[in-house]
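Asker: Enclosed is the structure file my_file_38.txt (compact mmCIF, N, CA, C and O atoms).
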# COMPACT_ATOMS: atom_id res chain seq x y z
N MET A 1 -11.65 12.46 2.79
CA MET A 1 -10.20 12.38 2.77
C MET A 1 -9.81 11.24 1.83
O MET A 1 -10.25 10.12 2.01
N PRO A 2 -8.97 11.51 0.82
CA PRO A 2 -8.53 10.45 -0.10
C PRO A 2 -7.73 9.37 0.62
O PRO A 2 -6.96 9.65 1.53
N LYS A 3 -7.91 8.13 0.17
CA LYS A 3 -7.24 6.98 0.79
C LYS A 3 -6.14 6.45 -0.13
O LYS A 3 -6.35 6.31 -1.34
N ILE A 4 -5.00 6.13 0.46
CA ILE A 4 -3.87 5.56 -0.27
C ILE A 4 -3.41 4.31 0.47
O ILE A 4 -3.17 4.33 1.68
N LEU A 5 -3.27 3.22 -0.28
CA LEU A 5 -2.73 1.97 0.25
C LEU A 5 -1.26 1.87 -0.16
O LEU A 5 -0.94 2.00 -1.34
N ILE A 6 -0.40 1.65 0.80
CA ILE A 6 1.04 1.48 0.56
C ILE A 6 1.34 -0.01 0.74
O ILE A 6 1.11 -0.56 1.81
N VAL A 7 1.85 -0.64 -0.31
CA VAL A 7 2.24 -2.05 -0.23
C VAL A 7 3.75 -2.08 -0.41
O VAL A 7 4.26 -1.95 -1.52
N GLU A 8 4.45 -2.22 0.70
CA GLU A 8 5.92 -2.10 0.73
C GLU A 8 6.46 -2.98 1.84
O GLU A 8 5.99 -2.90 2.98
N ASP A 9 7.44 -3.84 1.52
CA ASP A 9 7.98 -4.75 2.52
C ASP A 9 9.11 -4.15 3.35
O ASP A 9 9.48 -4.72 4.38
N ASP A 10 9.66 -3.03 2.96
CA ASP A 10 10.70 -2.37 3.75
C ASP A 10 10.00 -1.41 4.72
O ASP A 10 9.45 -0.39 4.30
N PRO A 11 10.02 -1.71 6.03
CA PRO A 11 9.27 -0.89 6.98
C PRO A 11 9.69 0.57 7.03
O PRO A 11 8.86 1.45 7.22
N GLU A 12 10.97 0.84 6.85
CA GLU A 12 11.44 2.23 6.89
C GLU A 12 10.86 3.04 5.72
O GLU A 12 10.41 4.17 5.91
N ILE A 13 10.87 2.46 4.53
CA ILE A 13 10.31 3.14 3.36
C ILE A 13 8.80 3.32 3.53
O ILE A 13 8.26 4.39 3.27
N ALA A 14 8.13 2.26 3.97
CA ALA A 14 6.67 2.33 4.14
C ALA A 14 6.28 3.41 5.15
O ALA A 14 5.35 4.18 4.90
N MET A 15 6.98 3.50 6.27
CA MET A 15 6.63 4.49 7.29
C MET A 15 6.96 5.90 6.82
O MET A 15 6.23 6.85 7.13
N LEU A 16 8.04 6.05 6.07
CA LEU A 16 8.39 7.37 5.52
C LEU A 16 7.30 7.83 4.55
O LEU A 16 6.83 8.97 4.62
N GLU A 17 6.88 6.93 3.64
CA GLU A 17 5.81 7.27 2.70
C GLU A 17 4.53 7.60 3.46
O GLU A 17 3.85 8.60 3.17
N ARG A 18 4.18 6.77 4.45
CA ARG A 18 2.98 7.00 5.24
C ARG A 18 3.01 8.36 5.94
O ARG A 18 2.05 9.13 5.88
N ASP A 19 4.13 8.66 6.57
CA ASP A 19 4.24 9.92 7.31
C ASP A 19 4.06 11.13 6.39
O ASP A 19 3.30 12.05 6.72
N TYR A 20 4.73 11.13 5.25
CA TYR A 20 4.61 12.26 4.32
C TYR A 20 3.19 12.39 3.77
O TYR A 20 2.66 13.49 3.65
N LEU A 21 2.57 11.27 3.44
CA LEU A 21 1.20 11.31 2.89
C LEU A 21 0.20 11.78 3.94
O LEU A 21 -0.72 12.56 3.63
N GLU A 22 0.35 11.35 5.17
CA GLU A 22 -0.57 11.77 6.22
C GLU A 22 -0.41 13.25 6.55
O GLU A 22 -1.39 13.93 6.83
N ILE A 23 0.81 13.75 6.48
CA ILE A 23 1.04 15.19 6.67
C ILE A 23 0.28 15.99 5.62
O ILE A 23 -0.25 17.06 5.90
N GLU A 24 0.19 15.44 4.41
CA GLU A 24 -0.51 16.11 3.31
C GLU A 24 -2.02 15.88 3.34
O GLU A 24 -2.73 16.34 2.45
N GLY A 25 -2.50 15.15 4.32
CA GLY A 25 -3.93 15.00 4.50
C GLY A 25 -4.56 13.74 3.94
O GLY A 25 -5.78 13.63 3.88
N PHE A 26 -3.74 12.77 3.55
CA PHE A 26 -4.27 11.50 3.04
C PHE A 26 -4.46 10.50 4.17
O PHE A 26 -3.69 10.49 5.13
N GLU A 27 -5.47 9.67 4.04
CA GLU A 27 -5.64 8.54 4.95
C GLU A 27 -4.87 7.37 4.35
O GLU A 27 -5.01 7.09 3.16
N THR A 28 -4.04 6.68 5.14
CA THR A 28 -3.21 5.61 4.60
C THR A 28 -3.38 4.32 5.39
O THR A 28 -3.75 4.32 6.56
N GLN A 29 -3.08 3.24 4.70
CA GLN A 29 -2.92 1.91 5.30
C GLN A 29 -1.65 1.33 4.70
O GLN A 29 -1.32 1.62 3.55
N VAL A 30 -0.95 0.50 5.46
CA VAL A 30 0.30 -0.10 5.01
C VAL A 30 0.20 -1.61 5.08
O VAL A 30 -0.23 -2.17 6.09
N ALA A 31 0.60 -2.26 3.98
CA ALA A 31 0.69 -3.72 3.93
C ALA A 31 2.15 -4.08 3.69
O ALA A 31 2.80 -3.50 2.82
N GLY A 32 2.65 -5.06 4.44
CA GLY A 32 4.05 -5.46 4.33
C GLY A 32 4.32 -6.60 3.38
O GLY A 32 5.47 -6.97 3.15
N ASP A 33 3.26 -7.17 2.78
CA ASP A 33 3.44 -8.22 1.77
C ASP A 33 2.26 -8.18 0.80
O ASP A 33 1.25 -7.52 1.04
N GLY A 34 2.41 -8.89 -0.29
CA GLY A 34 1.39 -8.86 -1.33
C GLY A 34 0.04 -9.41 -0.91
O GLY A 34 -1.01 -8.87 -1.27
N GLY A 35 0.04 -10.48 -0.13
CA GLY A 35 -1.22 -11.06 0.33
C GLY A 35 -2.01 -10.09 1.19
O GLY A 35 -3.22 -9.91 1.01
N LYS A 36 -1.32 -9.43 2.11
CA LYS A 36 -1.97 -8.44 2.97
C LYS A 36 -2.42 -7.23 2.14
O LYS A 36 -3.46 -6.64 2.42
N GLY A 37 -1.66 -6.92 1.09
CA GLY A 37 -2.04 -5.81 0.21
C GLY A 37 -3.37 -6.06 -0.46
O GLY A 37 -4.22 -5.16 -0.53
N VAL A 38 -3.59 -7.27 -0.95
CA VAL A 38 -4.87 -7.62 -1.58
C VAL A 38 -6.00 -7.54 -0.55
O VAL A 38 -7.07 -6.99 -0.84
N GLU A 39 -5.77 -8.07 0.65
CA GLU A 39 -6.79 -8.02 1.71
C GLU A 39 -7.16 -6.58 2.05
O GLU A 39 -8.35 -6.25 2.16
N LEU A 40 -6.15 -5.73 2.24
CA LEU A 40 -6.42 -4.34 2.59
C LEU A 40 -7.10 -3.59 1.45
O LEU A 40 -7.93 -2.72 1.68
N PHE A 41 -6.74 -3.91 0.21
CA PHE A 41 -7.40 -3.26 -0.93
C PHE A 41 -8.90 -3.53 -0.89
O PHE A 41 -9.70 -2.62 -1.11
N ARG A 42 -9.26 -4.75 -0.59
CA ARG A 42 -10.69 -5.13 -0.57
C ARG A 42 -11.45 -4.51 0.60
O ARG A 42 -12.63 -4.21 0.48
N SER A 43 -10.79 -4.29 1.73
CA SER A 43 -11.49 -3.75 2.89
C SER A 43 -11.36 -2.22 3.02
O SER A 43 -12.26 -1.57 3.53
N PHE A 44 -10.27 -1.65 2.55
CA PHE A 44 -9.97 -0.23 2.71
C PHE A 44 -10.50 0.62 1.55
O PHE A 44 -10.81 1.78 1.71
N HIS A 45 -10.59 0.05 0.36
CA HIS A 45 -11.09 0.72 -0.85
C HIS A 45 -10.34 2.03 -1.16
O HIS A 45 -10.93 3.10 -1.20
N PRO A 46 -9.02 1.93 -1.39
CA PRO A 46 -8.23 3.14 -1.64
C PRO A 46 -8.46 3.71 -3.05
O PRO A 46 -8.85 2.99 -3.97
N GLU A 47 -8.20 5.01 -3.18
CA GLU A 47 -8.23 5.65 -4.50
C GLU A 47 -6.91 5.44 -5.24
O GLU A 47 -6.86 5.55 -6.46
N LEU A 48 -5.83 5.17 -4.50
CA LEU A 48 -4.50 5.01 -5.08
C LEU A 48 -3.75 3.92 -4.32
O LEU A 48 -3.90 3.81 -3.10
N VAL A 49 -2.95 3.12 -5.04
CA VAL A 49 -2.11 2.10 -4.41
C VAL A 49 -0.67 2.37 -4.83
O VAL A 49 -0.37 2.45 -6.03
N LEU A 50 0.22 2.52 -3.84
CA LEU A 50 1.66 2.59 -4.09
C LEU A 50 2.17 1.17 -3.89
O LEU A 50 2.20 0.66 -2.77
N LEU A 51 2.55 0.53 -4.98
CA LEU A 51 2.80 -0.91 -4.98
C LEU A 51 4.24 -1.23 -5.35
O LEU A 51 4.68 -0.93 -6.46
N ASP A 52 4.95 -1.85 -4.41
CA ASP A 52 6.29 -2.36 -4.68
C ASP A 52 6.14 -3.61 -5.55
O ASP A 52 5.13 -4.30 -5.49
N ILE A 53 7.13 -3.90 -6.36
CA ILE A 53 7.06 -5.08 -7.24
C ILE A 53 7.64 -6.32 -6.56
O ILE A 53 7.05 -7.39 -6.63
N MET A 54 8.77 -6.17 -5.89
CA MET A 54 9.41 -7.32 -5.25
C MET A 54 8.93 -7.42 -3.80
O MET A 54 9.44 -6.74 -2.92
N LEU A 55 7.92 -8.27 -3.59
CA LEU A 55 7.28 -8.42 -2.27
C LEU A 55 7.28 -9.88 -1.85
O LEU A 55 7.23 -10.77 -2.71
N PRO A 56 7.26 -10.14 -0.55
CA PRO A 56 7.07 -11.53 -0.10
C PRO A 56 5.60 -11.94 -0.25
O PRO A 56 4.72 -11.10 -0.41
N VAL A 57 5.35 -13.22 -0.19
CA VAL A 57 4.04 -13.87 -0.28
C VAL A 57 3.50 -13.81 -1.71
O VAL A 57 3.22 -14.84 -2.31
N MET A 58 3.35 -12.61 -2.27
CA MET A 58 2.83 -12.44 -3.63
C MET A 58 3.51 -11.20 -4.22
O MET A 58 3.50 -10.15 -3.59
N ASP A 59 4.13 -11.34 -5.41
CA ASP A 59 4.82 -10.19 -5.98
C ASP A 59 3.83 -9.12 -6.44
O ASP A 59 2.63 -9.35 -6.54
N GLY A 60 4.36 -7.93 -6.70
CA GLY A 60 3.52 -6.80 -7.06
C GLY A 60 2.69 -7.02 -8.32
O GLY A 60 1.56 -6.55 -8.42
N TRP A 61 3.25 -7.73 -9.30
CA TRP A 61 2.49 -8.00 -10.53
C TRP A 61 1.28 -8.88 -10.24
O TRP A 61 0.19 -8.64 -10.78
N SER A 62 1.43 -9.85 -9.36
CA SER A 62 0.30 -10.71 -8.98
C SER A 62 -0.74 -9.94 -8.19
O SER A 62 -1.95 -10.14 -8.38
N VAL A 63 -0.28 -9.04 -7.32
CA VAL A 63 -1.21 -8.20 -6.57
C VAL A 63 -2.02 -7.36 -7.54
O VAL A 63 -3.25 -7.25 -7.43
N LEU A 64 -1.34 -6.75 -8.51
CA LEU A 64 -2.01 -5.90 -9.49
C LEU A 64 -3.10 -6.67 -10.24
O LEU A 64 -4.20 -6.17 -10.45
N LYS A 65 -2.79 -7.89 -10.63
CA LYS A 65 -3.79 -8.71 -11.34
C LYS A 65 -5.00 -8.99 -10.46
O LYS A 65 -6.13 -8.99 -10.94
N LYS A 66 -4.78 -9.22 -9.16
CA LYS A 66 -5.89 -9.54 -8.26
C LYS A 66 -6.76 -8.33 -7.93
O LYS A 66 -7.95 -8.47 -7.73
N ILE A 67 -6.13 -7.17 -7.87
CA ILE A 67 -6.93 -5.99 -7.52
C ILE A 67 -7.51 -5.34 -8.76
O ILE A 67 -8.45 -4.61 -8.69
Can you turn what I pasted into C-alpha cells?
Answerer:
Amino acid sequence: MPKILIVEDDPEIAMLERDYLEIEGFETQVAGDGGKGVELFRSFHPELVLLDIMLPVMDGWSVLKKI
C-alpha cells in the first residue's frame, strides 16, 4: 500500500485529505508542524509528501531541505 505523509497545520484540511486518501487505499500519516513532518518522514518512509508551506515550528521550505 503506497504511503503518503500529510504535513498540514489546519486540522480540518489535514483530516479531509487523510480521509479521501485512505478511501482510495493509501496509508497516511499526518504531521501538524514542520518539525513533526521531518520526524515522520524519517520513520514512516512515504512515497509522497503533501507539504504546506506556512507551518509552525519549521516552514515547508525548511522541511523540504531537510527531507
Asker: Per DSSP on the backbone, what are the helix (DSSP H, G or I) residues of chain A, as a PyMOL selection string?
Answerer: chain A and resi 11-23+34-44+60-66
Asker: Report the distance between atom C of Gly37 of chain A and atom O of Leu51 of chain A in Å, rounded to one decimal place.
Answerer: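 According to the coordinates, atom C of Gly37 of chain A and atom O of Leu51 of chain A are separated by 11.3 Å.
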Asker: Could you tell me how far atom N of Ile53 of chain A sits from atom O of Glu39 of chain A, in Å to one decimal place?
Answerer: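 The value is 17.8 Å.
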Asker: Hey, can you check how far atom CA of Tyr20 of chain A sits from atom CA of Val38 of chain A?
Answerer: 22.8 Å
Asker: Nearest residue to Leu50 of chain A out of A:Ile23, A:Thr28, A:Ser62, A:Met1, using only C-alpha atoms?
Answerer: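 Closest candidate: A:Thr28.
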Asker: Given the choices A:Glu27, A:Asp59, A:Glu22, A:Lys66, which gets closest to Pro46 of chain A if the distance is worked out from only C-alpha atoms?
Answerer: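 Using only C-alpha atoms, Pro46 of chain A sits closest to A:Glu27.
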Asker: Identify all residues of chain A in strand (DSSP E or B) (DSSP on the backbone) and supply them as a list in words.
Answerer: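 Matching residues for strand (DSSP E or B) in chain A are Lys3, Ile4, Leu5, Ile6, Val7, Glu27, Thr28, Gln29, Val30, Ala31, Leu48, Val49, Leu50 and Leu51 of chain A.
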Asker: Just want the 8 Å neighbourhood of Gly35 of chain A, counted on all atoms listed in the file, with same-chain residues fewer than 6 positions away dropped. Output as a list in words.
Answerer: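 The filter keeps Phe41, Leu55, Pro56, Val57, Met58, Asp59 and Val63 of chain A.
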Asker: Using all atoms listed in the file, can you tell me which of A:Val30, A:Ile6, A:Lys36, A:Leu21 comes closest to Val49 of chain A?
Answerer: A:Ile6
Asker: Using only C-alpha atoms, which of the listed residues (A:Gly34, A:Gly25, A:Pro2, A:Pro11) sits closest to Leu64 of chain A?
Answerer: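 For Leu64 of chain A, the nearest of the candidates is A:Gly34.
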Asker: Return the single residue from A:Lys65, A:Gln29, A:Arg18, A:Asp9 that is closest to Asp52 of chain A, with distances computed using only C-alpha atoms.
Answerer: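 Between A:Lys65, A:Gln29, A:Arg18, A:Asp9, the residue approaching Asp52 of chain A most closely is A:Asp9.
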Asker: Using only C-alpha atoms, which of A:Ile67, A:Glu47, A:Asp10, A:Met15 sits nearest Asp33 of chain A?
Answerer: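 Nearest to Asp33 of chain A: A:Asp10.
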Asker: Residues at most 8 Å from Leu40 of chain A, counting only C-alpha atoms, excluding those fewer than 5 positions away in the same chain, as an MDAnalysis selection string?
Answerer: chainID A and resid 5 29 31 45
